[in-house]
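Down below is the structure, laid out as structure tokens.
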Amino acid sequence: MTPFSQKATRYTPFHDQIAVSLPDRTWPDKVIESAPVWCAVDLRDGNQALIDPMDIERKKTMFRTLVDMGYKEIEVGFPAASQTDFDFVRALVDEGMIPDDVTIQVLVQCREHLIERTFESLRGAKRAIVHFYNSTSALQRKVVFDASRDEIKAIATHGAELCLKYALIVTPDADIRYEYSPESFTGTELDYAVEVCNAVAEVIDPAPDKPLIVNLPATVEMATPNVYADSIEWFKRRMARPESMILSVHPHNDRGTGVAAAELALQAGADRVEGCLFGNGERTGNVCLVTLGMNMFSQGVDPEIDFSDIDSVKRTVEYCNRLPVHERHPYGGDLVFTAFSGSHQDAIKKGFAALEAEARDAGVPVDEYTWAVPYLPVDPKDIGRSYEAVIRVNSQSGKGGVAYIMHQDYGFDLPRRMQIEFSRAVQEHTDNSGREVSSREIHEIFRHEYHPEYQPNPRLAVGSCNTSASGDEVTVEASVTFEGQDHKIVGSGNGPLSAFVKALEEIGVRVSVQEYVQHSLSTGTDAKSAAYVECAIGDRTVWGAGVHSNITLATLRALASAVNRTEAG
Ligand SMILES: CC(=O)SCCNC(=O)CCNC(=O)[C@H](O)C(C)(C)COP(=O)(O)OP(=O)(O)OC[C@H]1O[C@@H](n2cnc3c(N)ncnc32)[C@H](O)[C@@H]1OP(=O)(O)O
Ligand SMILES: CC(C)C(=O)C(=O)O
Ligand SMILES: [Mg+2]
């Protein structure tokens, strides 16, 4: 059997098939500064690639979603192909579902009976784009049509003539515009593609106020996206009636670079882009309209499409297509705003804190302040997603992620060295389980580690306490249980904590406090306080935590929590 490494010799490099030479290209220096004309082809190209094509209810749902998002040109089907597609176009027209600022588009081959039926589907429509196509590629001319260049060009021009004919006969009162696609453009010699499109333009006779859309599909993506961009710029320079022609692109994603191809094509002068939500479509899909639009948004360019509730768009697309959107799909996937790894979590946590501080200093609401958080290209909230899933913890996570969850979900603002200590406890758990640990589980681990009432076999428990002050001196009287014995202990110091440390000496507990932090709990039961103490006890340094509505009791419990984390000595 031929080894895999030698099988590559079966494939012809693209540059040996199609010559694209544009040494004076200008597109690499261009920047996308405004939205193109978008055309959503989910209901045609997307639908023709589905395992189970959409039924009429699904089609209506998809159509409404596309309209609500702001798409103004929507390819709604191939009405001559099936009764379902025909009926759907009829339903859109008859039920008045097409808003005045939206134009439906229908696709048809350059064959008379199909063109006639297509116009029948549009009877009564106010306006539409009739999109006719034939393949022009060298390969298809040979194997599908067995026809010469001139014969293939004649299919296109005859298709254009038939469209004009049936528009007059069937839809004389409608505002019909035309789109022509030299299908398999990427496999077509460029000089020939321009010859065919200019010949079609000659027949259609477009005008600036009624332009012809010339759509150059990467029916199969065959080369790197810079080659597509070169071909678009090359073509645009040679369009016979540039003022009356709209240059449209229709990238597919066979090489996984559909988005890049569309973006470089826009730099190269394309005016319009056809694609599908979340990249549904033939084989590896059409170019993803969500990614393209959101890429613009993330560069400060208004895509003129509303992505403010991306989850609901995703749910609709999954319902209509009966295909899942991948968890890693740009912008919409479930995991794309989630960091599991420690250093990312640390940076995100610091980024959020810095953003909030800068917005506060500038007196600007944080959701209007210039976005800059590491690892998050856009603010998830701008597209209707929450911060809940931004940080998730598994064995790859570090203290930043654990601290973020403790703060975000439970209001605990753990001191830095305590974060390090606690994250070791969480890490031990994730290493043992080998899986992600939920926010609830992290809280549970925290309680077992630090809360005196949950700690296993606590040595020291604080019951009630009284404090009194005289001058600078504070006296604490506390009832405690230590290693099973109840005690009433008293001590004085310059604050309740040092007084309690002193009192504990009465029962032989020696503690040296290294750090003490307290704050009110900002979430949940607002009236409570949290206290954290770092203590040297014997030869160990450990943290303890306490929560109570009384700050002194929270502090004493924190100290007890630290004692409970050491062995009897
Ligand atoms: C790249 C794309 O996405 S293109 C769009 C593809 N989408 C679809 O095809 C979905 C809907 N299509 C269909 O349901 C069917 O193809 C129909 C109903 C339109 C036509 O069905 P049929 O006539 O039975 O068959 P089919 O599509 O195979 O037609 C093939 C014939 O049309 C010719 N043909 C194919 N495309 C075109 C075209 N665009 N213009 C003119 N002739 C064409 C072929 O050469 C072939 O001719 P032959 O029979 O003389 O060999
Ligand atoms: C019909 C055409 C535009 C098409 O879908 C393609 O070439 O991919
Ligand atoms: Mg296509």
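Within each chain, counting starts at residue 1; across the structure tokens, chains are named A, B, ... in the order shown, with ligands numbered 1 upward in that order.
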
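Identified as lying at most 7 Å from ligand 2 when counting only C-alpha atoms and all ligand atoms are the residues A:Asp45, A:Leu107, A:Tyr133, A:Ser181, A:Glu183, A:Ser184, A:Asn215, A:Pro217, A:Ala218, A:Thr219, A:Val220, A:His250, A:His252.
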
Would you mind exporting the chosen residues as a short mmCIF file (atom, residue, chain, number, x, y, z; two decimals), in the first residue's frame, restricted to N, CA and C atoms?
data_model
loop_
_atom_site.label_atom_id
_atom_site.label_comp_id
_atom_site.auth_asym_id
_atom_site.auth_seq_id
_atom_site.Cartn_x
_atom_site.Cartn_y
_atom_site.Cartn_z
N ASP A 45 -28.38 27.90 1.32
CA ASP A 45 -27.14 27.11 1.33
C ASP A 45 -27.04 26.31 2.63
N LEU A 107 -32.62 31.38 -5.25
CA LEU A 107 -31.56 30.83 -6.11
C LEU A 107 -32.16 29.93 -7.18
N TYR A 133 -27.17 31.02 -11.38
CA TYR A 133 -25.78 30.59 -11.34
C TYR A 133 -25.55 29.45 -12.33
N SER A 181 -23.86 34.27 -10.09
CA SER A 181 -22.67 33.63 -9.52
C SER A 181 -22.01 32.72 -10.54
N GLU A 183 -20.46 29.95 -10.42
CA GLU A 183 -20.25 28.97 -9.34
C GLU A 183 -18.89 28.28 -9.53
N SER A 184 -18.27 27.87 -8.42
CA SER A 184 -16.91 27.32 -8.43
C SER A 184 -15.92 28.34 -9.00
N ASN A 215 -21.49 37.76 -7.69
CA ASN A 215 -21.08 37.02 -6.48
C ASN A 215 -20.00 36.02 -6.86
N PRO A 217 -18.15 33.06 -5.63
CA PRO A 217 -18.10 32.10 -4.53
C PRO A 217 -16.81 31.30 -4.47
N ALA A 218 -16.33 31.13 -3.24
CA ALA A 218 -15.33 30.09 -3.00
C ALA A 218 -16.17 28.84 -2.73
N THR A 219 -16.78 28.34 -3.78
CA THR A 219 -17.69 27.19 -3.66
C THR A 219 -16.97 26.07 -2.92
N VAL A 220 -15.72 25.86 -3.32
CA VAL A 220 -14.81 25.04 -2.54
C VAL A 220 -13.59 25.92 -2.28
N HIS A 250 -18.72 34.86 -1.31
CA HIS A 250 -19.51 33.76 -0.75
C HIS A 250 -18.51 32.67 -0.36
N HIS A 252 -16.75 29.53 1.36
CA HIS A 252 -16.94 28.31 2.14
C HIS A 252 -15.67 28.08 2.94
#

**Study point:** Env. residues ligand 1 / 9 Å / only C-alpha atoms and all ligand atoms / as a VMD selection string
**Key:** chain A and resid 44 to 45 48 to 49 77 to 82 107 to 112 114 132 to 135 140 144 to 146 152 155 to 156 159 182 to 184 217 219 to 220 281 to 282

Point to revise | Who sits within 9 Å of Lys314 of chain A, only C-alpha atoms, same chain under 6 positions skipped, as an MDAnalysis selection string | key: chainID A and resid 277:278 324:325 332:333

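In this comparison, which uses only C-alpha atoms, the residue of A:Gly70, A:Gly279, A:Gly46, A:Gly495 approaching Ile305 of chain A most closely is A:Gly70.
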
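Among the candidates A:Ile169, A:Val480, A:Met54, A:Leu247, the residue lying nearest to Asp85 of chain A is A:Met54 (atoms considered: only C-alpha atoms).
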
**Study point:** strand (DSSP E or B) per DSSP on the backbone: members of segment 15-219 of chain A, as a PyMOL selection string
**Key:** chain A and resi 37-40+73-77+103-109+127-135+175-183+207+210+212-218

Check your understanding: Can you list, as number ranges by chain, every protein, DNA or RNA residue that comes within 12 Å of Ala499 of chain A when you count only C-alpha atoms, leaving out same-chain residues fewer than 2 positions away?
Key -> A: 465-469, 472-478, 489-497, 501-506, 511, 513, 552, 555-556, 559

How about saving the chosen residues, N, CA and C atoms kept, as a CSV table (one decimal), in the first residue's frame?
chain,number,residue,atom,x,y,z
A,465,CYS,N,-19.2,35.7,73.8
A,465,CYS,CA,-18.0,36.5,74.2
A,465,CYS,C,-18.5,37.9,74.6
A,466,ASN,N,-17.8,38.5,75.5
A,466,ASN,CA,-18.2,39.9,75.9
A,466,ASN,C,-16.9,40.7,75.8
A,467,THR,N,-17.0,41.9,75.3
A,467,THR,CA,-15.8,42.8,75.2
A,467,THR,C,-16.1,44.0,76.0
A,468,SER,N,-15.1,44.5,76.7
A,468,SER,CA,-15.2,45.8,77.3
A,468,SER,C,-13.9,46.6,77.1
A,469,ALA,N,-14.0,47.9,77.1
A,469,ALA,CA,-12.8,48.7,76.8
A,469,ALA,C,-12.6,49.7,78.0
A,472,ASP,N,-7.1,52.4,76.2
A,472,ASP,CA,-6.7,51.7,75.0
A,472,ASP,C,-6.8,50.2,75.1
A,473,GLU,N,-7.2,49.8,76.3
A,473,GLU,CA,-7.1,48.3,76.6
A,473,GLU,C,-8.5,47.7,76.4
A,474,VAL,N,-8.5,46.6,75.7
A,474,VAL,CA,-9.8,45.9,75.4
A,474,VAL,C,-9.7,44.5,76.2
A,475,THR,N,-10.8,44.2,76.9
A,475,THR,CA,-10.8,42.9,77.6
A,475,THR,C,-11.9,42.0,77.0
A,476,VAL,N,-11.5,40.8,76.7
A,476,VAL,CA,-12.5,39.8,76.2
A,476,VAL,C,-12.7,38.7,77.2
A,477,GLU,N,-14.0,38.4,77.4
A,477,GLU,CA,-14.4,37.3,78.2
A,477,GLU,C,-15.1,36.3,77.3
A,478,ALA,N,-14.6,35.1,77.2
A,478,ALA,CA,-15.3,34.2,76.2
A,478,ALA,C,-15.5,32.8,76.8
A,489,ILE,N,-12.8,32.0,79.7
A,489,ILE,CA,-11.4,32.6,79.7
A,489,ILE,C,-11.5,34.1,79.6
A,490,VAL,N,-10.5,34.8,80.1
A,490,VAL,CA,-10.4,36.3,80.0
A,490,VAL,C,-9.0,36.7,79.6
A,491,GLY,N,-9.0,37.7,78.8
A,491,GLY,CA,-7.7,38.3,78.5
A,491,GLY,C,-7.8,39.7,78.0
A,492,SER,N,-6.7,40.5,78.1
A,492,SER,CA,-6.8,41.9,77.7
A,492,SER,C,-5.6,42.1,76.7
A,493,GLY,N,-5.9,43.1,75.8
A,493,GLY,CA,-4.9,43.5,74.8
A,493,GLY,C,-5.3,44.8,74.2
A,494,ASN,N,-4.6,45.1,73.1
A,494,ASN,CA,-4.9,46.4,72.5
A,494,ASN,C,-6.1,46.3,71.5
A,495,GLY,N,-6.6,45.1,71.4
A,495,GLY,CA,-7.8,44.9,70.5
A,495,GLY,C,-8.4,43.6,70.9
A,496,PRO,N,-9.6,43.3,70.4
A,496,PRO,CA,-10.3,42.0,70.7
A,496,PRO,C,-9.4,40.8,70.4
A,497,LEU,N,-8.7,40.9,69.2
A,497,LEU,CA,-7.9,39.7,68.8
A,497,LEU,C,-6.7,39.4,69.7
A,501,VAL,N,-6.1,36.2,72.2
A,501,VAL,CA,-4.8,35.5,72.1
A,501,VAL,C,-4.3,35.3,73.6
A,502,LYS,N,-4.4,36.4,74.3
A,502,LYS,CA,-3.9,36.4,75.7
A,502,LYS,C,-4.8,35.4,76.5
A,503,ALA,N,-6.1,35.5,76.3
A,503,ALA,CA,-7.0,34.6,77.1
A,503,ALA,C,-6.7,33.2,76.8
A,504,LEU,N,-6.4,32.8,75.6
A,504,LEU,CA,-6.2,31.4,75.2
A,504,LEU,C,-5.0,30.9,75.9
A,505,GLU,N,-4.0,31.7,76.3
A,505,GLU,CA,-2.8,31.2,77.0
A,505,GLU,C,-3.2,30.5,78.3
A,506,GLU,N,-4.4,31.0,78.9
A,506,GLU,CA,-4.9,30.4,80.2
A,506,GLU,C,-5.1,28.9,80.0
A,511,VAL,N,-0.6,31.2,70.4
A,511,VAL,CA,-0.9,31.6,69.0
A,511,VAL,C,-0.2,32.9,68.8
A,513,VAL,N,-0.3,36.0,66.0
A,513,VAL,CA,-1.0,36.4,64.8
A,513,VAL,C,-0.1,37.2,63.9
A,552,THR,N,-16.6,40.9,66.2
A,552,THR,CA,-15.7,40.3,67.1
A,552,THR,C,-15.8,38.8,67.1
A,555,THR,N,-14.1,37.3,64.2
A,555,THR,CA,-12.6,37.3,64.4
A,555,THR,C,-12.2,36.2,65.3
A,556,LEU,N,-12.9,36.0,66.5
A,556,LEU,CA,-12.5,34.9,67.4
A,556,LEU,C,-12.7,33.6,66.7
A,559,LEU,N,-9.8,32.8,64.5
A,559,LEU,CA,-8.6,32.3,65.2
A,559,LEU,C,-8.8,30.9,65.6

Review point. Which residue gives the smallest distance to ligand 3 among A:Asp68, A:Asp24, A:Asp230, A:Glu221, with only C-alpha atoms and all ligand atoms counted?
Key: A:Glu221

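Of note, atom CA of Leu66 of chain A and atom CA of Ala40 of chain A are spaced 7.5 Å apart.
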
Taking a cut-off of 12 Å and counting only C-alpha atoms, can you build a table that, for each residue of segment 251-294 of chain A near segment 367-387 of chain A, reports the nearest atom pair and how far apart they are in Å (one decimal), sorted by chain then residue number, as a Markdown table?
| residue | atom | partner | partner_atom | distance |
| --- | --- | --- | --- | --- |
| A:Val290 | CA | A:Ile383 | CA | 11.2 |
| A:Gly293 | CA | A:Ile383 | CA | 11.9 |
| A:Met294 | CA | A:Val378 | CA | 8.8 |

Would you write out those residues with C-alpha atoms, as a short mmCIF file (atom, residue, chain, number, x, y, z; two decimals), in the first residue's frame?
data_model
loop_
_atom_site.label_atom_id
_atom_site.label_comp_id
_atom_site.auth_asym_id
_atom_site.auth_seq_id
_atom_site.Cartn_x
_atom_site.Cartn_y
_atom_site.Cartn_z
CA VAL A 290 -21.58 35.68 13.63
CA GLY A 293 -19.85 40.51 12.53
CA MET A 294 -18.37 40.08 15.99
#

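With atom CA of Ala403 of chain A on one side and atom CA of Arg440 of chain A on the other, the separation reads 13.4 Å.
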
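Counting from atom CA of Glu202 of chain A, the distance to atom CA of Asp150 of chain A is 15.3 Å.
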
Check your understanding: DSSP says helix (DSSP H, G or I) for which residues of segment 162-209 of chain A? Put them as a PyMOL selection string?
Key -> chain A and resi 162-170+185-187+190-204

Selection export as a compact mmCIF listing (two decimals), in the first residue's frame, atoms kept: N, CA and C atoms:
# COMPACT_ATOMS: atom_id res chain seq x y z
N LEU A 162 -33.37 34.67 -19.79
CA LEU A 162 -34.61 34.01 -19.30
C LEU A 162 -35.14 34.72 -18.06
N CYS A 163 -34.25 35.17 -17.21
CA CYS A 163 -34.70 35.89 -16.00
C CYS A 163 -35.45 37.15 -16.41
N LEU A 164 -34.88 37.92 -17.36
CA LEU A 164 -35.55 39.15 -17.79
C LEU A 164 -36.91 38.82 -18.40
N LYS A 165 -36.93 37.73 -19.16
CA LYS A 165 -38.18 37.35 -19.82
C LYS A 165 -39.28 37.02 -18.80
N TYR A 166 -38.95 36.18 -17.82
CA TYR A 166 -40.00 35.75 -16.88
C TYR A 166 -40.35 36.85 -15.87
N ALA A 167 -39.41 37.75 -15.65
CA ALA A 167 -39.75 38.90 -14.78
C ALA A 167 -40.86 39.71 -15.45
N LEU A 168 -40.71 39.89 -16.77
CA LEU A 168 -41.73 40.66 -17.49
C LEU A 168 -43.07 39.94 -17.51
N ILE A 169 -43.00 38.63 -17.71
CA ILE A 169 -44.24 37.86 -17.84
C ILE A 169 -44.93 37.66 -16.49
N VAL A 170 -44.14 37.28 -15.46
CA VAL A 170 -44.76 36.82 -14.20
C VAL A 170 -44.81 37.91 -13.13
N PHE A 185 -16.13 29.59 -8.64
CA PHE A 185 -15.25 30.69 -9.08
C PHE A 185 -13.79 30.38 -8.73
N THR A 186 -13.58 29.78 -7.55
CA THR A 186 -12.19 29.54 -7.13
C THR A 186 -11.47 28.53 -8.03
N GLY A 187 -12.23 27.76 -8.79
CA GLY A 187 -11.61 26.82 -9.73
C GLY A 187 -11.70 27.32 -11.16
N LEU A 190 -9.27 33.28 -13.93
CA LEU A 190 -9.79 34.62 -13.62
C LEU A 190 -10.25 35.38 -14.86
N ASP A 191 -9.46 35.30 -15.94
CA ASP A 191 -9.85 36.06 -17.13
C ASP A 191 -11.18 35.56 -17.66
N TYR A 192 -11.39 34.26 -17.52
CA TYR A 192 -12.65 33.69 -18.02
C TYR A 192 -13.82 34.10 -17.09
N ALA A 193 -13.59 34.09 -15.79
CA ALA A 193 -14.66 34.47 -14.86
C ALA A 193 -15.12 35.90 -15.14
N VAL A 194 -14.14 36.78 -15.37
CA VAL A 194 -14.52 38.18 -15.61
C VAL A 194 -15.23 38.30 -16.96
N GLU A 195 -14.80 37.51 -17.93
CA GLU A 195 -15.45 37.53 -19.25
C GLU A 195 -16.92 37.12 -19.12
N VAL A 196 -17.19 36.05 -18.36
CA VAL A 196 -18.57 35.56 -18.22
C VAL A 196 -19.41 36.60 -17.47
N CYS A 197 -18.87 37.13 -16.36
CA CYS A 197 -19.67 38.07 -15.55
C CYS A 197 -19.96 39.35 -16.34
N ASN A 198 -18.96 39.83 -17.09
CA ASN A 198 -19.21 41.03 -17.88
C ASN A 198 -20.24 40.76 -18.98
N ALA A 199 -20.22 39.54 -19.51
CA ALA A 199 -21.22 39.19 -20.54
C ALA A 199 -22.62 39.16 -19.92
N VAL A 200 -22.72 38.64 -18.72
CA VAL A 200 -24.03 38.62 -18.03
C VAL A 200 -24.49 40.06 -17.78
N ALA A 201 -23.55 40.91 -17.36
CA ALA A 201 -23.90 42.32 -17.10
C ALA A 201 -24.41 42.99 -18.37
N GLU A 202 -23.81 42.62 -19.47
CA GLU A 202 -24.24 43.17 -20.76
C GLU A 202 -25.72 42.87 -21.00
N VAL A 203 -26.14 41.64 -20.66
CA VAL A 203 -27.55 41.25 -20.87
C VAL A 203 -28.46 41.95 -19.85
N ILE A 204 -28.06 41.91 -18.60
CA ILE A 204 -28.94 42.45 -17.54
C ILE A 204 -29.04 43.98 -17.66
